[in-house]
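Pasted below: data.txt, compact mmCIF, C-alpha atoms.
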# COMPACT_ATOMS: atom_id res chain seq x y z
CA MET B 1 75.58 -30.99 133.54
CA THR B 2 76.32 -32.70 130.24
CA TYR B 3 78.50 -31.33 127.43
CA TYR B 4 79.46 -32.58 124.00
CA LYS B 5 82.28 -31.76 121.59
CA ARG B 6 82.82 -33.01 118.07
CA GLU B 7 86.26 -34.40 117.39
CA SER B 8 86.75 -35.74 113.86
CA GLU B 9 84.45 -38.78 113.49
CA VAL B 10 83.37 -38.97 117.14
CA LEU B 11 81.13 -36.96 119.43
CA VAL B 12 82.58 -36.86 122.93
CA LEU B 13 80.16 -36.59 125.85
CA SER B 14 81.25 -35.32 129.26
CA ALA B 15 79.48 -35.31 132.62
CA ALA B 16 81.52 -32.34 133.87
CA SER B 17 79.95 -30.00 136.40
CA SER B 18 80.96 -27.02 134.25
CA SER B 19 82.14 -26.50 130.69
CA PRO B 20 85.42 -28.36 130.04
CA GLY B 21 86.55 -25.50 127.78
CA THR B 22 86.33 -24.06 124.30
CA GLY B 23 84.15 -25.90 121.83
CA TRP B 24 82.06 -27.78 124.38
CA VAL B 25 78.27 -27.42 124.07
CA SER B 26 75.79 -27.84 126.91
CA THR B 27 73.27 -30.56 126.07
CA THR B 28 71.30 -33.57 127.28
CA VAL B 29 72.24 -37.19 126.70
CA GLN B 30 69.25 -37.58 124.36
CA ASN B 31 70.24 -34.55 122.28
CA ALA B 32 73.82 -35.74 122.08
CA MET B 33 72.63 -39.14 120.84
CA ASN B 34 70.44 -37.46 118.24
CA TYR B 35 73.30 -35.25 117.03
CA ALA B 36 75.71 -38.17 116.77
CA ARG B 37 73.23 -40.24 114.78
CA THR B 38 72.23 -37.43 112.42
CA ASN B 39 75.86 -36.72 111.63
CA GLY B 40 77.07 -40.31 111.43
CA LEU B 41 79.34 -39.97 114.46
CA THR B 42 80.31 -42.45 117.14
CA LEU B 43 79.12 -41.26 120.54
CA VAL B 44 81.91 -41.67 123.10
CA LEU B 45 81.08 -41.28 126.80
CA LEU B 46 83.88 -40.04 129.02
CA SER B 47 84.20 -41.40 132.56
CA GLY B 48 81.51 -40.15 134.89
CA ILE B 49 77.85 -40.42 135.86
CA PHE B 50 75.19 -39.12 133.46
CA LEU B 51 71.79 -38.65 135.12
CA THR B 52 69.00 -39.18 132.61
CA GLY B 53 65.44 -40.28 132.04
CA ALA B 54 64.29 -42.37 129.10
CA LEU B 55 66.65 -42.41 126.10
CA THR B 56 65.15 -43.38 122.75
CA VAL B 57 66.70 -44.49 119.47
CA ASP B 58 63.94 -44.63 116.86
CA THR B 59 62.88 -43.33 113.46
CA ALA B 60 61.64 -40.05 114.93
CA THR B 61 65.01 -39.17 116.49
CA GLY B 62 68.54 -38.77 115.16
CA GLY B 63 67.42 -38.58 111.56
CA GLY B 64 66.33 -42.20 111.86
CA GLN B 65 69.99 -43.25 111.62
CA LYS B 66 71.79 -46.03 113.49
CA LEU B 67 73.74 -45.44 116.70
CA THR B 68 77.22 -46.47 117.73
CA MET B 69 77.86 -45.67 121.40
CA ARG B 70 80.76 -46.68 123.59
CA ALA B 71 82.52 -45.73 126.80
CA ALA B 72 85.96 -44.19 126.43
CA VAL B 73 87.01 -46.47 129.30
CA ALA B 74 84.91 -49.62 129.55
CA GLY B 75 82.85 -49.63 132.75
CA ALA B 76 83.71 -46.05 133.72
CA ALA B 77 80.78 -44.22 132.09
CA THR B 78 77.40 -44.66 133.79
CA LEU B 79 73.94 -43.77 132.55
CA ARG B 80 71.92 -43.48 135.77
CA PHE B 81 68.13 -43.74 135.56
CA THR B 82 66.01 -40.92 136.99
CA GLY B 83 62.61 -42.23 135.88
CA GLY B 84 60.45 -43.20 132.90
CA SER B 85 59.32 -46.32 131.06
CA TYR B 86 62.92 -47.44 130.44
CA LEU B 87 66.45 -46.09 130.60
CA PHE B 88 67.51 -46.92 127.01
CA GLN B 89 65.40 -48.21 124.14
CA VAL B 90 66.11 -48.97 120.49
CA ASN B 91 62.93 -49.17 118.45
CA GLY B 92 63.01 -50.13 114.77
CA ILE B 93 66.63 -49.05 114.11
CA ASN B 94 69.01 -51.74 112.83
CA ASP B 95 72.74 -52.20 113.39
CA VAL B 96 72.92 -50.39 116.72
CA SER B 97 76.10 -51.00 118.73
CA VAL B 98 76.57 -50.23 122.43
CA SER B 99 79.71 -51.21 124.32
CA GLY B 100 81.38 -50.66 127.68
CA VAL B 101 78.60 -48.51 129.21
CA VAL B 102 77.06 -48.96 132.67
CA PHE B 103 73.25 -48.78 132.85
CA ASP B 104 72.23 -48.17 136.47
CA GLY B 105 68.53 -48.30 137.30
CA GLN B 106 69.29 -47.39 140.94
CA ASN B 107 66.10 -49.32 141.83
CA THR B 108 63.97 -46.48 140.49
CA THR B 109 60.46 -47.57 139.50
CA ILE B 110 60.13 -48.36 135.79
CA GLY B 111 56.86 -46.89 134.54
CA ASP B 112 55.87 -49.87 132.39
CA SER B 113 53.65 -52.58 133.86
CA SER B 114 54.00 -55.04 130.95
CA ASN B 115 55.82 -58.38 131.13
CA GLN B 116 58.34 -56.97 128.64
CA ALA B 117 59.36 -53.98 130.76
CA GLY B 118 63.08 -53.51 131.22
CA LEU B 119 65.89 -51.05 131.83
CA VAL B 120 67.42 -51.61 128.37
CA ARG B 121 65.20 -52.68 125.45
CA PHE B 122 65.71 -53.61 121.81
CA ARG B 123 62.44 -53.62 119.83
CA ALA B 124 61.84 -54.67 116.21
CA CYS B 125 65.48 -54.25 115.23
CA SER B 126 68.10 -56.52 113.70
CA GLY B 127 71.86 -56.64 113.99
CA PHE B 128 72.04 -55.03 117.42
CA ALA B 129 75.19 -55.60 119.47
CA PHE B 130 75.15 -55.00 123.22
CA ASP B 131 78.66 -55.86 124.37
CA GLY B 132 80.77 -55.47 127.48
CA CYS B 133 78.17 -53.40 129.32
CA LYS B 134 76.98 -53.53 132.91
CA VAL B 135 73.28 -53.46 133.77
CA THR B 136 72.37 -53.17 137.42
CA ARG B 137 69.58 -52.37 139.88
CA SER B 138 66.57 -52.72 137.58
CA THR B 139 63.17 -53.18 139.21
CA LYS B 140 62.17 -55.06 136.04
CA THR B 141 64.31 -57.00 133.55
CA GLY B 142 67.86 -55.87 132.85
CA VAL B 143 67.98 -56.31 129.05
CA VAL B 144 64.94 -57.11 126.89
CA ALA B 145 64.71 -58.08 123.21
CA LEU B 146 61.18 -58.07 121.81
CA ILE B 147 59.00 -57.80 118.68
CA GLY B 148 61.30 -59.82 116.45
CA ALA B 149 64.58 -58.27 117.58
CA GLN B 150 67.74 -60.07 116.46
CA GLY B 151 71.22 -59.48 117.80
CA THR B 152 73.74 -60.27 120.52
CA ILE B 153 73.99 -59.65 124.25
CA ALA B 154 77.56 -60.61 125.07
CA ASP B 155 80.30 -60.20 127.68
CA CYS B 156 78.06 -58.14 129.96
CA ALA B 157 77.67 -58.05 133.75
CA ILE B 158 74.01 -58.05 134.77
CA ASP B 159 73.03 -58.04 138.44
CA ASN B 160 70.33 -57.12 140.92
CA CYS B 161 67.49 -57.18 138.40
CA SER B 162 64.17 -59.01 138.46
CA VAL B 163 65.21 -60.99 135.36
CA GLY B 164 68.65 -60.70 133.82
CA VAL B 165 67.80 -61.10 130.12
CA LEU B 166 64.38 -61.56 128.50
CA VAL B 167 64.18 -62.67 124.86
CA TYR B 168 60.52 -62.26 123.91
CA ASN B 169 59.36 -63.31 120.43
CA SER B 170 62.89 -62.58 119.25
CA ARG B 171 66.10 -64.39 118.33
CA VAL B 172 69.20 -63.48 120.29
CA GLU B 173 72.65 -64.86 121.07
CA VAL B 174 73.18 -64.50 124.82
CA ALA B 175 76.86 -65.29 125.31
CA ARG B 176 79.59 -65.05 127.96
CA ASN B 177 77.61 -62.84 130.32
CA ARG B 178 77.79 -62.89 134.10
CA ILE B 179 74.24 -62.74 135.47
CA THR B 180 73.93 -62.65 139.26
CA ALA B 181 71.60 -61.83 142.15
CA CYS B 182 68.37 -61.71 140.14
CA SER B 183 65.13 -61.97 142.07
CA ASN B 184 63.24 -64.21 139.60
CA ASN B 185 65.14 -65.62 136.58
CA GLY B 186 68.51 -65.37 134.92
CA VAL B 187 67.78 -65.75 131.18
CA TYR B 188 64.19 -66.13 129.97
CA VAL B 189 63.38 -67.05 126.35
CA TRP B 190 59.65 -66.70 125.81
CA ARG B 191 57.47 -67.15 122.72
CA GLU B 192 53.82 -66.22 122.69
CA PRO B 193 52.16 -67.44 119.47
CA ALA B 194 48.38 -67.51 119.21
CA SER B 195 48.49 -71.20 120.14
CA GLY B 196 50.99 -74.00 120.64
CA VAL B 197 54.70 -73.40 120.26
CA GLU B 198 56.89 -71.51 117.80
CA TYR B 199 60.41 -71.73 116.35
CA ASP B 200 62.87 -69.43 118.08
CA GLY B 201 66.50 -70.44 117.54
CA SER B 202 68.11 -68.34 120.28
CA THR B 203 71.40 -69.49 121.78
CA ILE B 204 72.44 -69.22 125.43
CA ILE B 205 76.15 -70.01 125.51
CA ASP B 206 79.01 -69.84 128.03
CA ASN B 207 77.26 -67.62 130.56
CA ILE B 208 77.88 -67.60 134.31
CA ILE B 209 74.57 -67.42 136.18
CA ASP B 210 74.41 -67.40 139.98
CA ASP B 211 72.09 -66.62 142.90
CA ILE B 212 68.59 -66.65 141.38
CA ASP B 213 65.66 -66.23 143.76
CA THR B 214 61.91 -66.67 143.31
CA ALA B 215 60.49 -63.39 144.60
CA GLY B 216 57.57 -63.55 142.16
CA GLY B 217 56.38 -66.84 143.62
CA GLY B 218 54.93 -69.76 141.69
CA THR B 219 55.99 -73.39 141.46
CA GLY B 220 58.70 -73.13 138.84
CA GLN B 221 57.86 -70.07 136.74
CA ASN B 222 60.52 -68.20 138.69
CA GLY B 223 63.74 -69.18 140.38
CA ASN B 224 65.56 -70.57 137.31
CA GLY B 225 68.96 -69.89 135.81
CA ILE B 226 67.70 -70.44 132.26
CA VAL B 227 64.00 -70.86 131.47
CA VAL B 228 62.61 -71.40 127.95
CA TYR B 229 58.87 -71.31 127.26
CA ARG B 230 57.08 -72.30 124.03
CA ALA B 231 60.29 -71.62 122.07
CA VAL B 232 61.54 -74.35 119.70
CA GLY B 233 65.17 -74.84 118.69
CA VAL B 234 66.91 -73.09 121.60
CA LYS B 235 70.44 -74.10 122.61
CA ALA B 236 71.76 -73.88 126.17
CA CYS B 237 75.42 -74.86 125.99
CA GLY B 238 78.51 -74.40 128.15
CA ASN B 239 76.85 -72.38 130.89
CA THR B 240 77.83 -72.48 134.58
CA ILE B 241 74.72 -72.07 136.71
CA SER B 242 74.62 -72.15 140.50
CA ASN B 243 72.45 -71.45 143.53
CA VAL B 244 68.95 -71.37 142.07
CA GLN B 245 65.66 -71.89 143.86
CA TYR B 246 64.08 -74.10 141.16
CA SER B 247 66.03 -75.27 138.09
CA CYS B 248 69.38 -74.42 136.61
CA ILE B 249 67.86 -75.11 133.18
CA ARG B 250 64.12 -75.42 132.56
CA PHE B 251 62.50 -75.97 129.15
CA ASN B 252 58.69 -75.87 129.06
CA ALA B 253 56.96 -76.82 125.77
CA SER B 254 60.21 -76.05 123.96
CA GLY B 255 61.35 -78.90 121.73
CA ALA B 256 64.27 -79.40 119.34
CA ALA B 257 66.33 -78.38 122.36
CA GLN B 258 70.07 -78.81 122.85
CA ILE B 259 71.25 -78.77 126.47
CA LEU B 260 74.94 -79.54 126.24
CA GLY B 261 78.05 -79.22 128.39
CA ASN B 262 76.60 -77.14 131.21
CA HIS B 263 77.82 -77.18 134.81
CA CYS B 264 74.84 -77.02 137.17
CA ILE B 265 75.47 -76.58 140.89
CA SER B 266 72.96 -76.33 143.73
CA ALA B 267 69.38 -76.35 142.47
CA ARG B 268 66.79 -76.60 145.22
CA GLU B 269 64.30 -78.45 142.97
CA CYS B 270 65.41 -80.18 139.73
CA SER B 271 68.59 -79.14 137.99
CA VAL B 272 67.58 -79.81 134.35
CA PHE B 273 63.81 -79.96 133.90
CA LEU B 274 61.96 -80.62 130.62
CA GLU B 275 58.18 -80.45 130.82
CA ALA B 276 54.96 -79.76 128.92
CA THR B 277 52.54 -78.29 131.39
CA GLY B 278 49.47 -77.50 129.25
CA PRO B 279 47.29 -79.23 126.64
CA GLY B 280 48.77 -78.66 123.19
CA LEU B 281 51.97 -77.23 124.65
CA ASN B 282 54.24 -80.12 123.71
CA LEU B 283 57.98 -80.65 123.92
CA ASP B 284 59.08 -82.76 120.94
CA GLY B 285 62.74 -83.66 120.77
CA ALA B 286 65.79 -82.77 122.87
CA VAL B 287 69.38 -83.78 123.51
CA ILE B 288 70.68 -83.52 127.07
CA ALA B 289 74.35 -84.46 127.01
CA ASN B 290 77.71 -83.98 128.70
CA ASN B 291 76.38 -81.93 131.59
CA ILE B 292 77.81 -81.98 135.11
CA ILE B 293 75.08 -81.76 137.73
CA GLU B 294 75.85 -81.43 141.44
CA GLN B 295 73.82 -80.77 144.57
CA ALA B 296 70.18 -80.75 143.54
CA GLY B 297 66.76 -81.94 144.68
CA SER B 298 66.67 -84.00 141.45
CA GLY B 299 69.08 -84.26 138.55
CA ILE B 300 67.24 -84.49 135.20
CA ASN B 301 63.46 -84.76 134.74
CA VAL B 302 61.62 -85.26 131.43
CA VAL B 303 57.92 -85.43 132.30
CA ASN B 304 54.31 -85.07 131.06
CA LEU B 305 52.56 -87.41 128.64
CA GLY B 306 49.23 -85.67 128.14
CA LEU B 307 47.39 -87.80 130.68
CA TYR B 308 46.54 -85.19 133.30
CA SER B 309 45.49 -81.99 131.49
CA ASP B 310 49.09 -81.45 130.45
CA GLY B 311 51.08 -81.60 127.22
CA ILE B 312 53.44 -84.27 125.89
CA SER B 313 57.21 -84.41 126.34
CA ARG B 314 58.86 -87.01 124.10
CA ARG B 315 61.81 -88.02 121.93
CA VAL B 316 64.65 -87.10 124.26
CA THR B 317 68.20 -88.50 124.40
CA ILE B 318 70.01 -88.23 127.73
CA SER B 319 73.66 -89.23 127.48
CA SER B 320 77.06 -88.90 129.15
CA ASN B 321 75.90 -86.73 132.03
CA HIS B 322 77.64 -86.80 135.43
CA ILE B 323 75.17 -86.43 138.29
CA ARG B 324 76.02 -86.49 141.98
CA GLY B 325 74.84 -85.24 145.35
CA ILE B 326 71.07 -85.55 144.81
CA THR B 327 69.21 -84.94 148.07
CA LYS B 328 65.67 -84.70 149.43
CA ASN B 329 65.09 -80.96 149.66
CA THR B 330 62.14 -79.34 151.38
CA ILE B 331 60.18 -76.98 149.10
CA SER B 332 57.39 -75.38 151.09
CA ASP B 333 56.37 -72.72 148.55
CA PRO B 334 52.58 -72.11 148.30
CA GLY B 335 50.99 -74.51 145.83
CA TYR B 336 54.04 -76.76 145.49
CA SER B 337 53.32 -80.46 145.97
CA PRO B 338 54.80 -82.72 147.19
CA THR B 339 56.83 -80.56 149.52
CA VAL B 340 59.96 -82.72 149.35
CA SER B 341 61.94 -83.24 146.14
CA ILE B 342 62.00 -86.79 144.72
CA ALA B 343 65.82 -86.93 144.79
CA SER B 344 66.22 -88.99 141.61
CA GLY B 345 69.23 -88.79 139.35
CA ILE B 346 67.17 -89.08 136.14
CA LEU B 347 63.40 -89.41 135.70
CA VAL B 348 61.84 -90.02 132.27
CA GLU B 349 58.37 -91.00 131.07
CA GLY B 350 57.94 -91.19 127.28
CA LEU B 351 60.15 -92.13 124.29
CA CYS B 352 63.52 -91.51 125.90
CA VAL B 353 66.98 -93.05 125.59
CA LEU B 354 69.37 -92.99 128.56
CA THR B 355 72.93 -94.05 127.84
CA GLY B 356 76.38 -93.56 129.33
CA ASN B 357 75.23 -91.54 132.33
CA MET B 358 77.04 -91.71 135.66
CA ILE B 359 74.96 -91.13 138.78
CA GLU B 360 76.39 -91.14 142.28
CA GLY B 361 74.80 -90.46 145.62
CA ALA B 362 71.10 -90.10 144.83
CA ALA B 363 69.04 -90.15 148.01
CA GLY B 364 66.09 -91.58 146.08
CA PHE B 365 66.46 -93.55 142.84
CA GLY B 366 69.44 -93.29 140.54
CA ILE B 367 67.16 -93.72 137.52
CA LEU B 368 63.35 -93.75 137.36
CA LEU B 369 61.77 -95.18 134.22
CA GLY B 370 58.13 -94.08 134.05
CA THR B 371 55.50 -92.81 136.45
CA ASN B 372 52.72 -95.39 136.84
CA GLU B 373 50.78 -95.39 133.53
CA ALA B 374 52.78 -92.39 132.24
CA THR B 375 55.35 -94.73 130.71
CA TYR B 376 56.23 -95.86 127.19
CA ASP B 377 59.20 -96.76 124.95
CA LEU B 378 62.06 -96.19 127.38
CA LEU B 379 65.60 -97.52 126.92
CA ALA B 380 68.28 -97.44 129.61
CA THR B 381 71.63 -98.89 128.56
CA GLY B 382 75.23 -98.51 129.60
CA ASN B 383 74.54 -96.36 132.66
CA LEU B 384 76.38 -96.57 135.98
CA VAL B 385 74.51 -95.89 139.23
CA HIS B 386 76.73 -95.85 142.31
CA ALA B 387 76.03 -95.41 146.03
CA SER B 388 72.41 -94.41 145.60
CA THR B 389 69.59 -95.58 147.86
CA THR B 390 67.90 -97.47 145.00
CA GLY B 391 69.48 -98.12 141.63
CA ILE B 392 67.04 -98.29 138.70
CA GLY B 393 63.29 -98.20 139.24
CA TYR B 394 60.78 -99.08 136.52
CA SER B 395 57.03 -98.72 136.38
CA ASN B 396 55.26 -102.08 136.15
CA ASN B 397 51.83 -100.48 136.25
CA ALA B 398 49.26 -102.51 134.32
CA SER B 399 48.92 -99.63 131.82
CA ALA B 400 52.62 -98.86 131.51
CA GLY B 401 54.30 -99.15 128.10
CA ARG B 402 57.46 -101.03 127.14
CA ILE B 403 60.80 -100.50 128.89
CA SER B 404 64.21 -101.97 128.05
CA ILE B 405 66.91 -102.06 130.74
CA VAL B 406 70.09 -103.49 129.26
CA GLY B 407 73.78 -103.48 130.18
CA ASN B 408 73.66 -101.16 133.20
CA VAL B 409 75.73 -101.39 136.38
CA VAL B 410 74.35 -100.61 139.84
CA SER B 411 76.73 -100.66 142.79
CA GLY B 412 76.14 -99.95 146.44
CA ALA B 413 72.35 -99.59 146.32
CA THR B 414 70.82 -100.40 149.70
CA ASN B 415 67.21 -100.75 148.49
CA GLY B 416 67.58 -102.84 145.35
CA SER B 417 69.32 -102.54 141.99
CA VAL B 418 66.65 -102.96 139.26
CA VAL B 419 63.23 -102.93 140.87
CA PRO B 420 59.53 -102.19 140.20
CA VAL B 421 58.31 -98.80 141.37
CA ALA B 422 55.02 -96.99 141.93
CA PHE B 423 54.17 -93.36 142.62
CA ASN B 424 51.54 -92.49 145.22
CA GLY B 425 51.29 -88.77 144.48
CA VAL B 426 53.87 -87.92 147.11
CA SER B 427 56.83 -90.21 146.52
CA TYR B 428 58.20 -93.01 144.34
CA TYR B 429 58.58 -96.29 146.24
CA ARG B 430 59.76 -99.80 145.57
CA VAL B 431 57.01 -102.40 145.09
CA GLY B 432 57.55 -105.90 146.52
CA SER B 433 60.85 -107.76 146.62
CA THR B 434 61.57 -108.36 142.91
CA ASP B 435 65.07 -107.36 141.76
CA LEU B 436 65.92 -107.98 138.09
CA ALA B 437 69.62 -107.22 138.32
CA ASN B 438 71.90 -110.18 137.54
CA THR B 439 69.13 -112.04 135.74
CA ALA B 440 69.41 -113.62 132.32
CA ASP B 441 67.92 -111.87 129.30
CA SER B 442 64.19 -111.99 129.80
CA GLN B 443 60.87 -110.26 129.31
CA VAL B 444 59.07 -109.58 132.59
CA GLY B 445 55.69 -108.01 131.91
CA ASN B 446 56.33 -104.66 130.20
CA VAL B 447 60.07 -104.78 130.97
CA TYR B 448 62.89 -106.39 128.97
CA VAL B 449 66.10 -106.83 131.00
CA GLY B 450 69.48 -108.23 130.14
CA ASN B 451 73.14 -108.10 131.09
CA ASN B 452 72.66 -105.76 134.05
CA ARG B 453 74.87 -106.05 137.09
CA GLY B 454 73.94 -105.22 140.68
CA TYR B 455 76.31 -105.58 143.58
Show me, as structure tokens, the structure contained in the file I just sent.
Amino acid sequence: MTYYKRESEVLVLSAASSSPGTGWVSTTVQNAMNYARTNGLTLVLLSGIFLTGALTVDTATGGGQKLTMRAAVAGAATLRFTGGSYLFQVNGINDVSVSGVVFDGQNTTIGDSSNQAGLVRFRACSGFAFDGCKVTRSTKTGVVALIGAQGTIADCAIDNCSVGVLVYNSRVEVARNRITACSNNGVYVWREPASGVEYDGSTIIDNIIDDIDTAGGGTGQNGNGIVVYRAVGVKACGNTISNVQYSCIRFNASGAAQILGNHCISARECSVFLEATGPGLNLDGAVIANNIIEQAGSGINVVNLGLYSDGISRRVTISSNHIRGITKNTISDPGYSPTVSIASGILVEGLCVLTGNMIEGAAGFGILLGTNEATYDLLATGNLVHASTTGIGYSNNASAGRISIVGNVVSGATNGSVVPVAFNGVSYYRVGSTDLANTADSQVGNVYVGNNRGY
């Protein structure tokens, strides 16, 4: 049973099995929410479990007023889902605040087949604050913002969902959450304009994201800590991301990106991956800086130049990253090719600057500059590659664009320090015996080298 009682400026809600006493009124959670809103009261949930179906905050309920809802003791009041299209939804009501409440989907089927289905949803509303809550056991996404929603999802624990947080055609600050054990993605920022890409401006800051699987399949659509699609101007800063099946951070056709100060640990494929996978879906501009990357199938990739029915990724600065423990990982997922990761510290193709990066222990190349003819205007300067199989590889394909390799240090490479490289569709490999480390300033074909050291 559920009972409410008005006390001054709050409406107290109890999950007692019988009336707690004088003044308590038998109700439903939805009716209590409506009463609190209509009367301008804060709804306070006492400790306990409230069984409920879909709860709605919209213009047709609660006098169309805003809602402030909190747990009397943070984490001790649980709304447990019994069925419907969602557990809790705000639709068109601004300045809604929810704090300290547990939303438990108990793995009950959510009756919404759309990509935007979720246990908790904020639709077409601004100023929402979802703070200090727990969201667990959702068969769909945990928390969804859609249709232009703007607000914050902060200091929450989100676990055992398909996707932790989905920001769909909305602008949200996702901050200081702990997102774990999700079967497909941790945080997904997704824009869907009629064509091309669209400004977004969401921020993903200081979250802890761990244990992300790829139950939905695919070759990178799932299995990511943070994935951003067609959304311009997104920041991913200060996050700690670990144990993911594809990438810790993956930006697809999402330029003006800032990927700063993250700690990425154990990515089966590529830890930080920037790409443009479809014609017209370009990634223009990004800064990747001050990240620590450990234990991955590759460290940082910036790929696609519009040559193979893809888009164009360009204008990226990669600086002051620490990358170590890059290994050849087997990825035998259907449709994934090649089936072994390239194990490079950094791979770039078009209009990129690499400076001040430290790469240690790459099983393939420390740095790869270009992929055959997919190569132009690359600068690598002031980088240190240590104890990697091959130091710096550059494309000397007849159609490759200009590359400058200046003032880098390569130590302990067993397969050459600064060498020409080709890609055969399966792997990158050294071509011939040329090594341009320790040579005087010179132009060699498409490559300018100078002041590099290899030993």
Between atom CA of B:Ser85 and atom CA of B:Thr52, distance in Å (one decimal):
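About the pair atom CA of B:Ser85 and atom CA of B:Thr52: they are 12.1 Å apart.
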Write out as a list in words each polymer residue whose atoms come within 8 Å of B:Thr414, counting all atoms listed in the file; drop sequence neighbours fewer than 6 positions from it.
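Using all atoms listed in the file, the neighbours found are Ser388, Thr389 and Thr390 of chain B.
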Emit the selected residues as a short mmCIF file (atom, residue, chain, number, x, y, z; two decimals), keeping the file's coordinate frame, including C-alpha atoms.
data_model
loop_
_atom_site.label_atom_id
_atom_site.label_comp_id
_atom_site.auth_asym_id
_atom_site.auth_seq_id
_atom_site.Cartn_x
_atom_site.Cartn_y
_atom_site.Cartn_z
CA SER B 388 72.41 -94.41 145.60
CA THR B 389 69.59 -95.58 147.86
CA THR B 390 67.90 -97.47 145.00
#
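Shortest separation to B:Tyr229 among B:Gly40, B:Gly345, B:Gly255, B:Gly216 occurs at residue B:Gly255, atoms counted being only C-alpha atoms.
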Using all atoms listed in the file, find each residue in stretch 222-336 of chain B having at least one atom no more than 8 Å away from stretch 358-377 of chain B; report its shortest atom-to-atom pair and that distance in Å (one decimal), rows by chain then rising number, as a Markdown table.
| residue | atom | partner | partner_atom | distance |
| --- | --- | --- | --- | --- |
| B:Asn304 | CA | B:Ala374 | CA | 7.6 |
| B:Leu305 | CA | B:Ala374 | CA | 6.1 |
| B:Leu307 | CA | B:Ala374 | CA | 7.2 |
| B:Ser320 | CA | B:Met358 | CA | 7.1 |
| B:Asn321 | CA | B:Met358 | CA | 6.3 |
| B:His322 | CA | B:Met358 | CA | 5.0 |
| B:Ile323 | CA | B:Ile359 | CA | 4.7 |
| B:Arg324 | CA | B:Glu360 | CA | 4.7 |
| B:Gly325 | CA | B:Gly361 | CA | 5.2 |
| B:Ile326 | CA | B:Ala362 | CA | 4.6 |
| B:Thr327 | CA | B:Ala363 | CA | 5.2 |
| B:Lys328 | CA | B:Ala363 | CA | 6.6 |
Set the distance at 10 Å and use all atoms listed in the file: which residues neighbour stretch 87-90 of chain B once local chain neighbours fewer than 5 positions away are removed? I'd like the list as a PyMOL selection string.
chain B and resi 30+52-59+66-67+79-82+96+103-105+110+118-125+128+138+143-145+149
Residues near stretch 449-453 of chain B, anyone? I mean within 7 Å using only C-alpha atoms, not counting same-chain ones fewer than 6 positions away, as an MDAnalysis selection string.
chainID B and resid 404:410 437:443
Keeping C-alpha atoms, export the residues of the selection given above as a compact mmCIF listing (two decimals), in the frame of the given file.
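Result file selection39.txt:
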# COMPACT_ATOMS: atom_id res chain seq x y z
CA SER B 404 64.21 -101.97 128.05
CA ILE B 405 66.91 -102.06 130.74
CA VAL B 406 70.09 -103.49 129.26
CA GLY B 407 73.78 -103.48 130.18
CA ASN B 408 73.66 -101.16 133.20
CA VAL B 409 75.73 -101.39 136.38
CA VAL B 410 74.35 -100.61 139.84
CA ALA B 437 69.62 -107.22 138.32
CA ASN B 438 71.90 -110.18 137.54
CA THR B 439 69.13 -112.04 135.74
CA ALA B 440 69.41 -113.62 132.32
CA ASP B 441 67.92 -111.87 129.30
CA SER B 442 64.19 -111.99 129.80
CA GLN B 443 60.87 -110.26 129.31
Could you state the separation of atom CA of B:Gln295 and atom CA of B:Arg250 in Å, given to one decimal place?
16.3 Å
Taken to one decimal, the atom CA of B:Val101-atom CA of B:Lys134 distance is 6.4 Å
Using all atoms listed in the file: which of B:Val10, B:Ala72, B:Cys182, B:Val189 has the shortest distance to B:Asp213:
B:Cys182
Between B:Thr203, B:Asn31, B:Ser298, B:Thr317, which is the closest to B:Ile346 once you count all atoms listed in the file?
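Ranked by minimum distance to B:Ile346, first place goes to B:Ser298.
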Which residue of B:Ser313, B:Ala289, B:Asn415, B:Asn107 approaches B:Thr355 most closely, using all atoms listed in the file
B:Ala289
For a quick check of your reading of the model, name the residues lying within 10 Å of the coordinate (77.2, -57.2, 131.5), counting only C-alpha atoms, and write them as a ChimeraX atom specification.
/B:75,99-103,130-136,142-143,153-159,164,176-179
Those same residues, written as a short mmCIF file (atom, residue, chain, number, x, y, z; two decimals), in the frame of the given file with C-alpha atoms?
data_model
loop_
_atom_site.label_atom_id
_atom_site.label_comp_id
_atom_site.auth_asym_id
_atom_site.auth_seq_id
_atom_site.Cartn_x
_atom_site.Cartn_y
_atom_site.Cartn_z
CA GLY B 75 82.85 -49.63 132.75
CA SER B 99 79.71 -51.21 124.32
CA GLY B 100 81.38 -50.66 127.68
CA VAL B 101 78.60 -48.51 129.21
CA VAL B 102 77.06 -48.96 132.67
CA PHE B 103 73.25 -48.78 132.85
CA PHE B 130 75.15 -55.00 123.22
CA ASP B 131 78.66 -55.86 124.37
CA GLY B 132 80.77 -55.47 127.48
CA CYS B 133 78.17 -53.40 129.32
CA LYS B 134 76.98 -53.53 132.91
CA VAL B 135 73.28 -53.46 133.77
CA THR B 136 72.37 -53.17 137.42
CA GLY B 142 67.86 -55.87 132.85
CA VAL B 143 67.98 -56.31 129.05
CA ILE B 153 73.99 -59.65 124.25
CA ALA B 154 77.56 -60.61 125.07
CA ASP B 155 80.30 -60.20 127.68
CA CYS B 156 78.06 -58.14 129.96
CA ALA B 157 77.67 -58.05 133.75
CA ILE B 158 74.01 -58.05 134.77
CA ASP B 159 73.03 -58.04 138.44
CA GLY B 164 68.65 -60.70 133.82
CA ARG B 176 79.59 -65.05 127.96
CA ASN B 177 77.61 -62.84 130.32
CA ARG B 178 77.79 -62.89 134.10
CA ILE B 179 74.24 -62.74 135.47
#
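Neighbours of stretch 207-209 of chain B closer than or equal to 9 Å, with all atoms listed in the file counted and sequence neighbours fewer than 4 positions away skipped, come out as Ala154, Asp155, Val174, Ala175, Arg176, Asn177, Arg178, Ile179, Thr180, Ala181, Gly186, Val187, Gly225, Ile226, Cys237, Gly238, Asn239, Thr240, Ile241, Ser242, Asn243 and Cys248 of chain B.
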